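Below: final01.cif (mmCIF, C-alpha atoms)
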data_entry
#
loop_
_atom_site.group_PDB
_atom_site.id
_atom_site.type_symbol
_atom_site.label_atom_id
_atom_site.label_comp_id
_atom_site.auth_asym_id
_atom_site.auth_seq_id
_atom_site.Cartn_x
_atom_site.Cartn_y
_atom_site.Cartn_z
ATOM 1 C CA MET A 1 -46.427 19.316 -29.712
ATOM 2 C CA SER A 2 -47.522 16.039 -28.131
ATOM 3 C CA GLU A 3 -48.122 16.406 -24.409
ATOM 4 C CA LYS A 4 -44.952 16.135 -22.372
ATOM 5 C CA THR A 5 -44.585 16.188 -18.609
ATOM 6 C CA VAL A 6 -42.455 18.729 -16.761
ATOM 7 C CA ILE A 7 -41.838 18.723 -13.013
ATOM 8 C CA ILE A 8 -40.925 22.057 -11.443
ATOM 9 C CA THR A 9 -39.788 22.396 -7.829
ATOM 10 C CA GLY A 10 -40.281 25.568 -5.824
ATOM 11 C CA SER A 11 -43.330 26.603 -7.847
ATOM 12 C CA SER A 12 -45.078 28.803 -5.317
ATOM 13 C CA SER A 13 -43.405 32.029 -6.483
ATOM 14 C CA GLY A 14 -40.818 33.626 -8.738
ATOM 15 C CA PHE A 15 -39.174 31.652 -11.506
ATOM 16 C CA GLY A 16 -40.945 28.425 -10.532
ATOM 17 C CA MET A 17 -44.457 29.828 -10.718
ATOM 18 C CA LEU A 18 -43.819 31.739 -13.940
ATOM 19 C CA THR A 19 -42.123 28.759 -15.594
ATOM 20 C CA ALA A 20 -45.064 26.533 -14.679
ATOM 21 C CA ILE A 21 -47.421 28.965 -16.405
ATOM 22 C CA GLN A 22 -45.233 29.350 -19.487
ATOM 23 C CA CYS A 23 -44.827 25.585 -19.869
ATOM 24 C CA ALA A 24 -48.581 25.064 -19.510
ATOM 25 C CA LYS A 25 -49.179 27.644 -22.227
ATOM 26 C CA LYS A 26 -46.894 25.626 -24.515
ATOM 27 C CA GLY A 27 -48.872 22.444 -23.980
ATOM 28 C CA PHE A 28 -46.887 20.705 -21.242
ATOM 29 C CA ARG A 29 -48.490 18.738 -18.471
ATOM 30 C CA VAL A 30 -47.032 20.654 -15.527
ATOM 31 C CA ILE A 31 -46.413 19.154 -12.102
ATOM 32 C CA ALA A 32 -45.893 22.221 -9.906
ATOM 33 C CA THR A 33 -44.402 21.211 -6.554
ATOM 34 C CA MET A 34 -44.150 23.296 -3.401
ATOM 35 C CA ARG A 35 -43.610 22.777 0.309
ATOM 36 C CA ASN A 36 -46.906 24.396 1.291
ATOM 37 C CA LEU A 37 -49.824 23.605 -1.008
ATOM 38 C CA ASP A 38 -51.776 26.542 0.416
ATOM 39 C CA LYS A 39 -49.499 28.733 -1.694
ATOM 40 C CA LYS A 40 -50.973 27.356 -4.914
ATOM 41 C CA GLU A 41 -53.483 30.170 -4.564
ATOM 42 C CA VAL A 42 -50.931 32.453 -6.243
ATOM 43 C CA PHE A 43 -51.860 30.766 -9.518
ATOM 44 C CA GLU A 44 -55.492 31.810 -9.110
ATOM 45 C CA ALA A 45 -54.399 35.446 -9.017
ATOM 46 C CA GLN A 46 -52.868 35.105 -12.499
ATOM 47 C CA GLU A 47 -56.254 34.970 -14.273
ATOM 48 C CA LEU A 48 -55.165 32.055 -16.420
ATOM 49 C CA ASP A 49 -57.025 30.676 -19.386
ATOM 50 C CA PRO A 50 -58.954 27.581 -18.165
ATOM 51 C CA ASP A 51 -57.086 25.326 -20.607
ATOM 52 C CA VAL A 52 -53.757 26.570 -19.244
ATOM 53 C CA ARG A 53 -54.867 26.233 -15.627
ATOM 54 C CA ASN A 54 -56.082 22.679 -16.234
ATOM 55 C CA ARG A 55 -52.629 21.661 -17.417
ATOM 56 C CA ILE A 56 -51.104 22.511 -14.030
ATOM 57 C CA GLU A 57 -51.223 19.938 -11.232
ATOM 58 C CA PHE A 58 -49.987 20.659 -7.728
ATOM 59 C CA LYS A 59 -47.992 18.280 -5.570
ATOM 60 C CA GLN A 60 -46.594 18.767 -2.086
ATOM 61 C CA LEU A 61 -42.825 18.378 -1.986
ATOM 62 C CA ASP A 62 -40.263 19.509 0.529
ATOM 63 C CA VAL A 63 -36.938 18.650 -1.113
ATOM 64 C CA THR A 64 -35.239 18.507 2.307
ATOM 65 C CA ASN A 65 -37.742 16.160 3.968
ATOM 66 C CA GLU A 66 -37.235 12.399 3.588
ATOM 67 C CA ALA A 67 -40.894 11.520 4.152
ATOM 68 C CA SER A 68 -42.044 14.089 1.604
ATOM 69 C CA LEU A 69 -39.457 12.865 -0.908
ATOM 70 C CA LYS A 70 -40.538 9.242 -0.367
ATOM 71 C CA THR A 71 -44.204 10.088 -0.986
ATOM 72 C CA PHE A 72 -43.267 12.010 -4.117
ATOM 73 C CA THR A 73 -40.985 9.259 -5.403
ATOM 74 C CA ASP A 74 -43.718 6.657 -4.913
ATOM 75 C CA TRP A 75 -46.164 8.887 -6.788
ATOM 76 C CA LEU A 76 -43.726 9.152 -9.706
ATOM 77 C CA GLU A 77 -44.349 5.470 -10.404
ATOM 78 C CA GLU A 78 -47.854 6.401 -11.545
ATOM 79 C CA LEU A 79 -46.536 8.639 -14.328
ATOM 80 C CA ASP A 80 -46.089 7.220 -17.799
ATOM 81 C CA ARG A 81 -43.064 9.414 -18.366
ATOM 82 C CA VAL A 82 -41.127 12.431 -17.122
ATOM 83 C CA ASP A 83 -39.689 14.565 -19.899
ATOM 84 C CA VAL A 84 -38.259 17.560 -18.050
ATOM 85 C CA VAL A 85 -37.323 18.381 -14.468
ATOM 86 C CA VAL A 86 -36.664 21.982 -13.447
ATOM 87 C CA ASN A 87 -34.813 22.034 -10.120
ATOM 88 C CA ASN A 88 -35.766 25.513 -9.012
ATOM 89 C CA ALA A 89 -36.395 25.220 -5.253
ATOM 90 C CA GLY A 90 -33.925 27.358 -3.354
ATOM 91 C CA PHE A 91 -33.394 30.246 -0.972
ATOM 92 C CA ALA A 92 -30.619 32.543 0.231
ATOM 93 C CA ILE A 93 -29.055 33.093 3.643
ATOM 94 C CA GLY A 94 -27.314 36.429 4.156
ATOM 95 C CA GLY A 95 -24.376 37.204 6.408
ATOM 96 C CA PHE A 96 -20.604 36.965 6.670
ATOM 97 C CA LEU A 97 -19.308 33.417 7.077
ATOM 98 C CA GLU A 98 -18.332 33.900 10.738
ATOM 99 C CA GLN A 99 -21.811 35.162 11.549
ATOM 100 C CA VAL A 100 -23.825 32.366 9.948
ATOM 101 C CA PRO A 101 -24.350 29.376 12.274
ATOM 102 C CA LEU A 102 -23.153 26.055 10.894
ATOM 103 C CA ALA A 103 -26.716 24.723 11.133
ATOM 104 C CA ASP A 104 -27.824 27.456 8.704
ATOM 105 C CA PHE A 105 -25.031 26.557 6.305
ATOM 106 C CA ARG A 106 -26.317 22.984 6.377
ATOM 107 C CA ARG A 107 -29.879 24.135 5.670
ATOM 108 C CA GLN A 108 -28.600 26.197 2.761
ATOM 109 C CA PHE A 109 -26.908 23.183 1.211
ATOM 110 C CA ASP A 110 -29.783 20.847 2.088
ATOM 111 C CA THR A 111 -32.111 22.852 -0.147
ATOM 112 C CA ASN A 112 -29.899 24.303 -2.862
ATOM 113 C CA VAL A 113 -27.682 21.252 -3.418
ATOM 114 C CA LEU A 114 -28.902 18.083 -1.728
ATOM 115 C CA GLY A 115 -32.507 18.873 -2.634
ATOM 116 C CA VAL A 116 -31.451 18.891 -6.286
ATOM 117 C CA VAL A 117 -29.667 15.576 -5.778
ATOM 118 C CA ALA A 118 -32.732 13.990 -4.153
ATOM 119 C CA VAL A 119 -35.190 15.049 -6.846
ATOM 120 C CA THR A 120 -32.783 14.116 -9.636
ATOM 121 C CA GLN A 121 -32.195 10.673 -8.152
ATOM 122 C CA ALA A 122 -35.957 10.172 -7.991
ATOM 123 C CA VAL A 123 -36.552 10.884 -11.691
ATOM 124 C CA LEU A 124 -33.451 9.360 -13.276
ATOM 125 C CA PRO A 125 -34.670 5.729 -13.292
ATOM 126 C CA LYS A 126 -37.688 6.723 -15.369
ATOM 127 C CA MET A 127 -35.628 8.924 -17.695
ATOM 128 C CA ARG A 128 -33.049 6.187 -18.232
ATOM 129 C CA LYS A 129 -35.806 3.749 -19.085
ATOM 130 C CA GLN A 130 -37.175 6.265 -21.600
ATOM 131 C CA LYS A 131 -33.635 6.936 -22.912
ATOM 132 C CA ALA A 132 -34.611 10.594 -22.961
ATOM 133 C CA GLY A 133 -35.175 13.553 -20.664
ATOM 134 C CA LYS A 134 -33.910 16.942 -19.565
ATOM 135 C CA ILE A 135 -32.736 18.166 -16.192
ATOM 136 C CA LEU A 136 -32.548 21.948 -15.868
ATOM 137 C CA ASN A 137 -30.946 23.219 -12.674
ATOM 138 C CA VAL A 138 -31.585 26.836 -11.742
ATOM 139 C CA SER A 139 -28.282 28.215 -10.525
ATOM 140 C CA SER A 140 -27.254 31.875 -10.408
ATOM 141 C CA VAL A 141 -24.529 34.252 -11.452
ATOM 142 C CA SER A 142 -23.502 33.645 -7.822
ATOM 143 C CA GLY A 143 -22.519 30.165 -8.909
ATOM 144 C CA ARG A 144 -19.678 31.711 -10.883
ATOM 145 C CA ILE A 145 -18.825 34.877 -8.925
ATOM 146 C CA GLY A 146 -18.311 35.322 -5.188
ATOM 147 C CA PHE A 147 -19.939 38.102 -3.169
ATOM 148 C CA PRO A 148 -19.347 39.101 0.475
ATOM 149 C CA ALA A 149 -22.104 38.538 3.044
ATOM 150 C CA LEU A 150 -23.650 35.853 0.835
ATOM 151 C CA SER A 151 -21.032 33.177 1.377
ATOM 152 C CA ALA A 152 -23.508 30.393 2.258
ATOM 153 C CA TYR A 153 -25.666 31.060 -0.810
ATOM 154 C CA VAL A 154 -22.701 31.563 -3.137
ATOM 155 C CA ALA A 155 -21.047 28.370 -1.897
ATOM 156 C CA SER A 156 -24.231 26.372 -2.491
ATOM 157 C CA LYS A 157 -24.557 27.674 -6.044
ATOM 158 C CA HIS A 158 -20.882 26.993 -6.796
ATOM 159 C CA ALA A 159 -21.494 23.440 -5.588
ATOM 160 C CA LEU A 160 -24.549 23.170 -7.826
ATOM 161 C CA GLU A 161 -22.472 24.251 -10.808
ATOM 162 C CA GLY A 162 -19.900 21.504 -10.262
ATOM 163 C CA LEU A 163 -22.586 18.942 -9.548
ATOM 164 C CA THR A 164 -24.429 19.765 -12.760
ATOM 165 C CA GLU A 165 -21.279 19.767 -14.885
ATOM 166 C CA SER A 166 -20.481 16.250 -13.664
ATOM 167 C CA LEU A 167 -24.074 15.086 -14.050
ATOM 168 C CA ARG A 168 -24.188 16.239 -17.664
ATOM 169 C CA LEU A 169 -21.199 14.031 -18.461
ATOM 170 C CA GLU A 170 -22.688 11.109 -16.540
ATOM 171 C CA MET A 171 -26.015 11.271 -18.371
ATOM 172 C CA LYS A 172 -24.766 11.583 -21.957
ATOM 173 C CA PRO A 173 -24.663 7.788 -22.574
ATOM 174 C CA PHE A 174 -28.332 7.548 -21.551
ATOM 175 C CA GLY A 175 -29.731 10.246 -23.845
ATOM 176 C CA ILE A 176 -30.490 12.624 -20.964
ATOM 177 C CA ASP A 177 -29.625 16.304 -21.331
ATOM 178 C CA VAL A 178 -28.502 18.404 -18.352
ATOM 179 C CA GLY A 179 -28.172 22.177 -18.241
ATOM 180 C CA LEU A 180 -27.695 25.161 -15.942
ATOM 181 C CA ILE A 181 -29.768 28.345 -15.934
ATOM 182 C CA GLU A 182 -27.651 31.196 -14.535
ATOM 183 C CA PRO A 183 -29.813 34.258 -13.832
ATOM 184 C CA GLY A 184 -28.354 37.564 -12.820
ATOM 185 C CA SER A 185 -30.494 39.804 -10.596
ATOM 186 C CA PHE A 186 -34.240 39.635 -11.215
ATOM 187 C CA ARG A 187 -37.341 40.926 -9.459
ATOM 188 C CA THR A 188 -38.007 37.843 -7.343
ATOM 189 C CA ASN A 189 -38.467 37.529 -3.591
ATOM 190 C CA ILE A 190 -35.180 35.698 -3.026
ATOM 191 C CA TRP A 191 -33.567 39.099 -2.395
ATOM 192 C CA SER A 192 -36.384 40.339 -0.152
ATOM 193 C CA SER A 193 -38.772 38.123 1.798
ATOM 194 C CA GLY A 194 -36.973 35.043 0.479
ATOM 195 C CA MET A 195 -33.630 35.910 2.082
ATOM 196 C CA GLU A 196 -33.005 34.685 5.620
ATOM 197 C CA ILE A 197 -30.856 36.837 7.885
ATOM 198 C CA PRO A 198 -29.662 35.077 11.073
ATOM 199 C CA ASN A 199 -29.968 37.139 14.271
ATOM 200 C CA GLU A 200 -26.197 37.196 14.593
ATOM 201 C CA VAL A 201 -25.943 39.194 11.361
ATOM 202 C CA ASN A 202 -28.061 42.080 12.689
ATOM 203 C CA ASN A 203 -26.028 42.494 15.875
ATOM 204 C CA PRO A 204 -24.975 46.190 15.929
ATOM 205 C CA ASP A 205 -21.961 45.291 18.062
ATOM 206 C CA SER A 206 -20.627 42.858 15.485
ATOM 207 C CA PRO A 207 -17.246 43.762 13.958
ATOM 208 C CA TYR A 208 -18.951 43.243 10.591
ATOM 209 C CA ALA A 209 -21.732 45.774 11.281
ATOM 210 C CA PRO A 210 -20.067 48.730 9.479
ATOM 211 C CA TYR A 211 -19.561 46.632 6.366
ATOM 212 C CA ILE A 212 -22.802 44.742 6.115
ATOM 213 C CA LYS A 213 -24.842 47.936 5.999
ATOM 214 C CA GLY A 214 -22.897 49.068 2.940
ATOM 215 C CA ILE A 215 -23.487 45.719 1.251
ATOM 216 C CA TRP A 216 -27.246 45.719 1.933
ATOM 217 C CA ASP A 217 -27.425 49.319 0.695
ATOM 218 C CA GLU A 218 -25.670 48.319 -2.518
ATOM 219 C CA LEU A 219 -28.019 45.370 -3.050
ATOM 220 C CA ASN A 220 -31.021 47.653 -2.529
ATOM 221 C CA ASN A 221 -29.597 50.267 -4.898
ATOM 222 C CA GLN A 222 -29.288 47.630 -7.616
ATOM 223 C CA LYS A 223 -32.981 46.662 -7.450
ATOM 224 C CA LYS A 224 -33.893 49.264 -10.059
ATOM 225 C CA TYR A 225 -31.748 47.329 -12.534
ATOM 226 C CA HIS A 226 -33.290 43.933 -11.780
ATOM 227 C CA GLY A 227 -34.770 42.143 -14.774
ATOM 228 C CA ASN A 228 -38.229 40.772 -15.451
ATOM 229 C CA PRO A 229 -38.404 37.191 -14.117
ATOM 230 C CA ASN A 230 -40.674 36.267 -17.018
ATOM 231 C CA ASP A 231 -37.565 36.398 -19.216
ATOM 232 C CA VAL A 232 -36.069 33.525 -17.218
ATOM 233 C CA ALA A 233 -39.342 31.577 -17.350
ATOM 234 C CA GLN A 234 -39.437 31.950 -21.122
ATOM 235 C CA MET A 235 -35.830 30.780 -21.453
ATOM 236 C CA VAL A 236 -36.456 27.708 -19.287
ATOM 237 C CA THR A 237 -39.584 26.884 -21.288
ATOM 238 C CA LYS A 238 -37.716 27.263 -24.562
ATOM 239 C CA LEU A 239 -35.010 24.894 -23.332
ATOM 240 C CA ALA A 240 -37.643 22.437 -22.118
ATOM 241 C CA MET A 241 -39.094 22.381 -25.626
ATOM 242 C CA ALA A 242 -35.747 22.086 -27.418
ATOM 243 C CA ASP A 243 -34.688 18.808 -28.989
ATOM 244 C CA THR A 244 -31.321 18.944 -27.238
ATOM 245 C CA LEU A 245 -29.357 21.189 -24.890
ATOM 246 C CA LYS A 246 -26.353 22.182 -26.961
ATOM 247 C CA LYS A 247 -24.642 23.956 -24.071
ATOM 248 C CA LEU A 248 -24.197 23.324 -20.380
ATOM 249 C CA ARG A 249 -24.626 26.918 -19.161
ATOM 250 C CA TYR A 250 -27.270 29.494 -20.047
ATOM 251 C CA PRO A 251 -26.570 32.870 -18.372
ATOM 252 C CA ILE A 252 -29.367 35.412 -18.539
ATOM 253 C CA GLY A 253 -30.035 38.884 -17.234
ATOM 254 C CA SER A 254 -28.560 42.337 -17.090
ATOM 255 C CA GLY A 255 -24.895 42.132 -16.244
ATOM 256 C CA ALA A 256 -24.732 38.330 -15.983
ATOM 257 C CA ARG A 257 -22.597 37.747 -19.069
ATOM 258 C CA LEU A 258 -20.626 40.954 -18.505
ATOM 259 C CA ASN A 259 -19.773 40.084 -14.902
ATOM 260 C CA MET A 260 -18.647 36.594 -15.883
ATOM 261 C CA LEU A 261 -16.525 38.010 -18.700
ATOM 262 C CA MET A 262 -14.950 40.568 -16.370
ATOM 263 C CA LYS A 263 -14.012 37.846 -13.915
ATOM 264 C CA GLN A 264 -12.299 35.940 -16.721
ATOM 265 C CA ILE A 265 -10.301 38.804 -18.174
ATOM 266 C CA ILE A 266 -9.625 41.191 -15.277
ATOM 267 C CA PRO A 267 -6.786 40.250 -12.898
ATOM 268 C CA TRP A 268 -8.106 39.184 -9.509
ATOM 269 C CA SER A 269 -6.065 41.854 -7.703
ATOM 270 C CA LEU A 270 -7.805 44.623 -9.666
ATOM 271 C CA LEU A 271 -11.237 43.027 -9.381
ATOM 272 C CA GLU A 272 -10.789 42.665 -5.630
ATOM 273 C CA LYS A 273 -9.792 46.303 -5.174
ATOM 274 C CA THR A 274 -12.803 47.480 -7.165
ATOM 275 C CA VAL A 275 -15.255 45.377 -5.174
ATOM 276 C CA LEU A 276 -13.826 46.300 -1.777
ATOM 277 C CA ARG A 277 -13.803 50.021 -2.478
ATOM 278 C CA LYS A 278 -17.403 49.913 -3.660
ATOM 279 C CA LEU A 279 -18.786 47.785 -0.854
ATOM 280 C CA TYR A 280 -16.661 48.759 2.153
ATOM 281 C CA PRO A 281 -16.815 52.546 2.573
ATOM 282 C CA ALA A 282 -16.173 52.065 6.308
ATOM 283 C CA MET A 283 -12.901 50.197 5.847
ATOM 284 C CA PRO A 284 -10.226 51.443 8.280
ATOM 285 C CA GLU A 285 -7.648 53.737 6.709
ATOM 286 C CA ASP A 286 -4.760 51.358 7.343
ATOM 287 C CA GLN A 287 -6.602 48.588 5.523
ATOM 288 C CA GLU A 288 -7.775 50.845 2.692
ATOM 289 C CA LYS A 289 -4.196 52.035 2.165
ATOM 290 C CA ARG A 290 -3.174 48.482 1.329
ATOM 291 C CA LEU A 291 -5.485 48.627 -1.692
ATOM 292 C CA ARG A 292 -3.799 51.676 -3.208
ATOM 293 C CA PRO A 293 -1.405 51.118 -6.103
ATOM 294 C CA VAL A 294 2.235 51.325 -5.150
ATOM 295 C CA GLU A 295 3.760 54.579 -6.413
ATOM 296 C CA SER A 296 7.404 55.025 -7.348
ATOM 297 C CA GLY A 297 9.393 56.206 -4.383
ATOM 298 C CA ASP A 298 7.037 54.594 -1.819
#

I need this file expressed as structure tokens, please.
Amino acid sequence: MSEKTVIITGSSSGFGMLTAIQCAKKGFRVIATMRNLDKKEVFEAQELDPDVRNRIEFKQLDVTNEASLKTFTDWLEELDRVDVVVNNAGFAIGGFLEQVPLADFRRQFDTNVLGVVAVTQAVLPKMRKQKAGKILNVSSVSGRIGFPALSAYVASKHALEGLTESLRLEMKPFGIDVGLIEPGSFRTNIWSSGMEIPNEVNNPDSPYAPYIKGIWDELNNQKKYHGNPNDVAQMVTKLAMADTLKKLRYPIGSGARLNMLMKQIIPWSLLEKTVLRKLYPAMPEDQEKRLRPVESGD
């Protein structure tokens, strides 16, 4: 293939780093962006072929910082073209809605939603001039399915889903493709070192304390089923290389499609009972009783 340029945000780890490597292997010129350029050292640990390594350029970019965005946008003018943008930068905040300070909710949306908006706005003028381009937004199964104690993260990904659906329709007249990658659970640090837990969430005197332990335990128990993040990187690279994006959404990972299907076909009342019983073993008896099916004669 002739050399094409792909910009990937949040490239210092996980899906971003692996996608940068996969795209470089396929002949892309890769612009790997990250907030802290010191973290580019993770690429050195991958023992890459010199030709692959030489295809990867590193640029500082904090998608929530206006000065950083301005510097990056000005630098974009030097590029002949931008063929693909992978909006991957993101993180997760854990905790029940009442526990998470409003400032943390804003930070969650600043990165996971407004950061996508800022980067997309920066590249669209060049893509419109080219009359071609792809924007791939990395969402999550959490963008389709709610989960307790992750309300800030889930809300941000639901917002990203709606944003991307609208953007796809807006860009069609200009020859620009837009798509969503919807991973299930994978072995990335977003569920470990990448998750932020506000101090309020760890308060043992919190009324949510009995429940949040059960939720964290369940998340930890599911780690053995987490997929290989290289699978996501390969999917993103394949879509970057495709002539067109025929679909808007691309779910991937163990349980992702199944969970979305279950939400569509199972009545909410039954789905809710199943989730609550699994995650809330400490639920008071009077509340748990309300979940039981009504028997004749009751």

Selection dump of the PyMOL selection byres ((chain A and resi 240) around 12), as an NGL selection string: :A and (4-8 or 19-20 or 22-24 or 26-28 or 30 or 82-86 or 133-137 or 177-179 or 181 or 233-239 or 241-245)

Hits from the PyMOL selection byres ((chain A and resi 53-63) around 6), listed as a PyMOL selection string: chain A and resi 24+29-35+37+48+50-52+64-65+68+115

Picked residues, the PyMOL selection byres ((chain A and resi 42) around 12), expected as a count of residues only: 25

Straight-line distance linking CA of Lys129 (chain A) with CA of Phe72 (chain A), stated in Å to one decimal: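 For CA of Lys129 (chain A) relative to CA of Phe72 (chain A), the distance reads 18.7 Å.
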
Lys131 (chain A) surroundings by only C-alpha atoms, 10 Å radius, close-in-sequence under 5 positions cut, as a list in words: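 In the requested form, the answer reads Leu124, Pro125, Lys126, Met171, Pro173, Phe174, Gly175 and Ile176 of chain A.
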
Distance of CA of Arg249 (chain A) from CA of Arg128 (chain A), expressed in Å to one decimal place: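 These atoms are spaced 22.4 Å apart.
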
Straight-line distance linking CA of Asn88 (chain A) with CA of Glu3 (chain A), stated in Å to one decimal: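 Interatomic distance, CA of Asn88 (chain A) to CA of Glu3 (chain A): 21.7 Å.
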
Proximity to Asn203 (chain A) - best of A:Gln99, A:Asn228, A:Asn221, A:Gln108, only C-alpha atoms: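 Among the listed residues, the smallest separation from Asn203 (chain A) belongs to A:Gln99.
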
Contacts of Arg106 (chain A) at 12 Å (all atoms listed in the file; same-chain gap of 6+ positions) as a list in words: Thr64, Ile93, Val100, Asn112, Val113, Leu114, Gly115, Ala152, Tyr153, Ala155 and Ser156 of chain A

Nearest candidate to Met195 (chain A) (options A:Gly94, A:Val119, A:Glu78, A:Ser269; using all atoms listed in the file): A:Gly94

Selected residue, from A:Asp205, A:Val141, A:Phe15, A:Gly90, that lies nearest to Leu261 (chain A) when counting only C-alpha atoms: A:Val141

What are the centre and the three edge lengths of an axis-aligned box that wraps all atoms of region 9-20 of chain A in the file, given that 8 Å is added to every side, written as JSON and rounded to one decimal in Å?
{"center_x": -42.1, "center_y": 28.0, "center_z": -10.5, "size_x": 21.9, "size_y": 27.2, "size_z": 26.3}

Selected residue, from A:Ile197, A:Val117, A:Leu102, A:Leu271, that lies nearest to Ala159 (chain A) when counting only C-alpha atoms: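 Among the listed residues, A:Val117 lies closest to Ala159 (chain A).
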
Option closest in space to Pro210 (chain A), from A:Leu169, A:Leu270, A:Leu279, A:Met260 [counting only C-alpha atoms]: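 Comparing A:Leu169, A:Leu270, A:Leu279, A:Met260 against Pro210 (chain A), the winner is A:Leu279.
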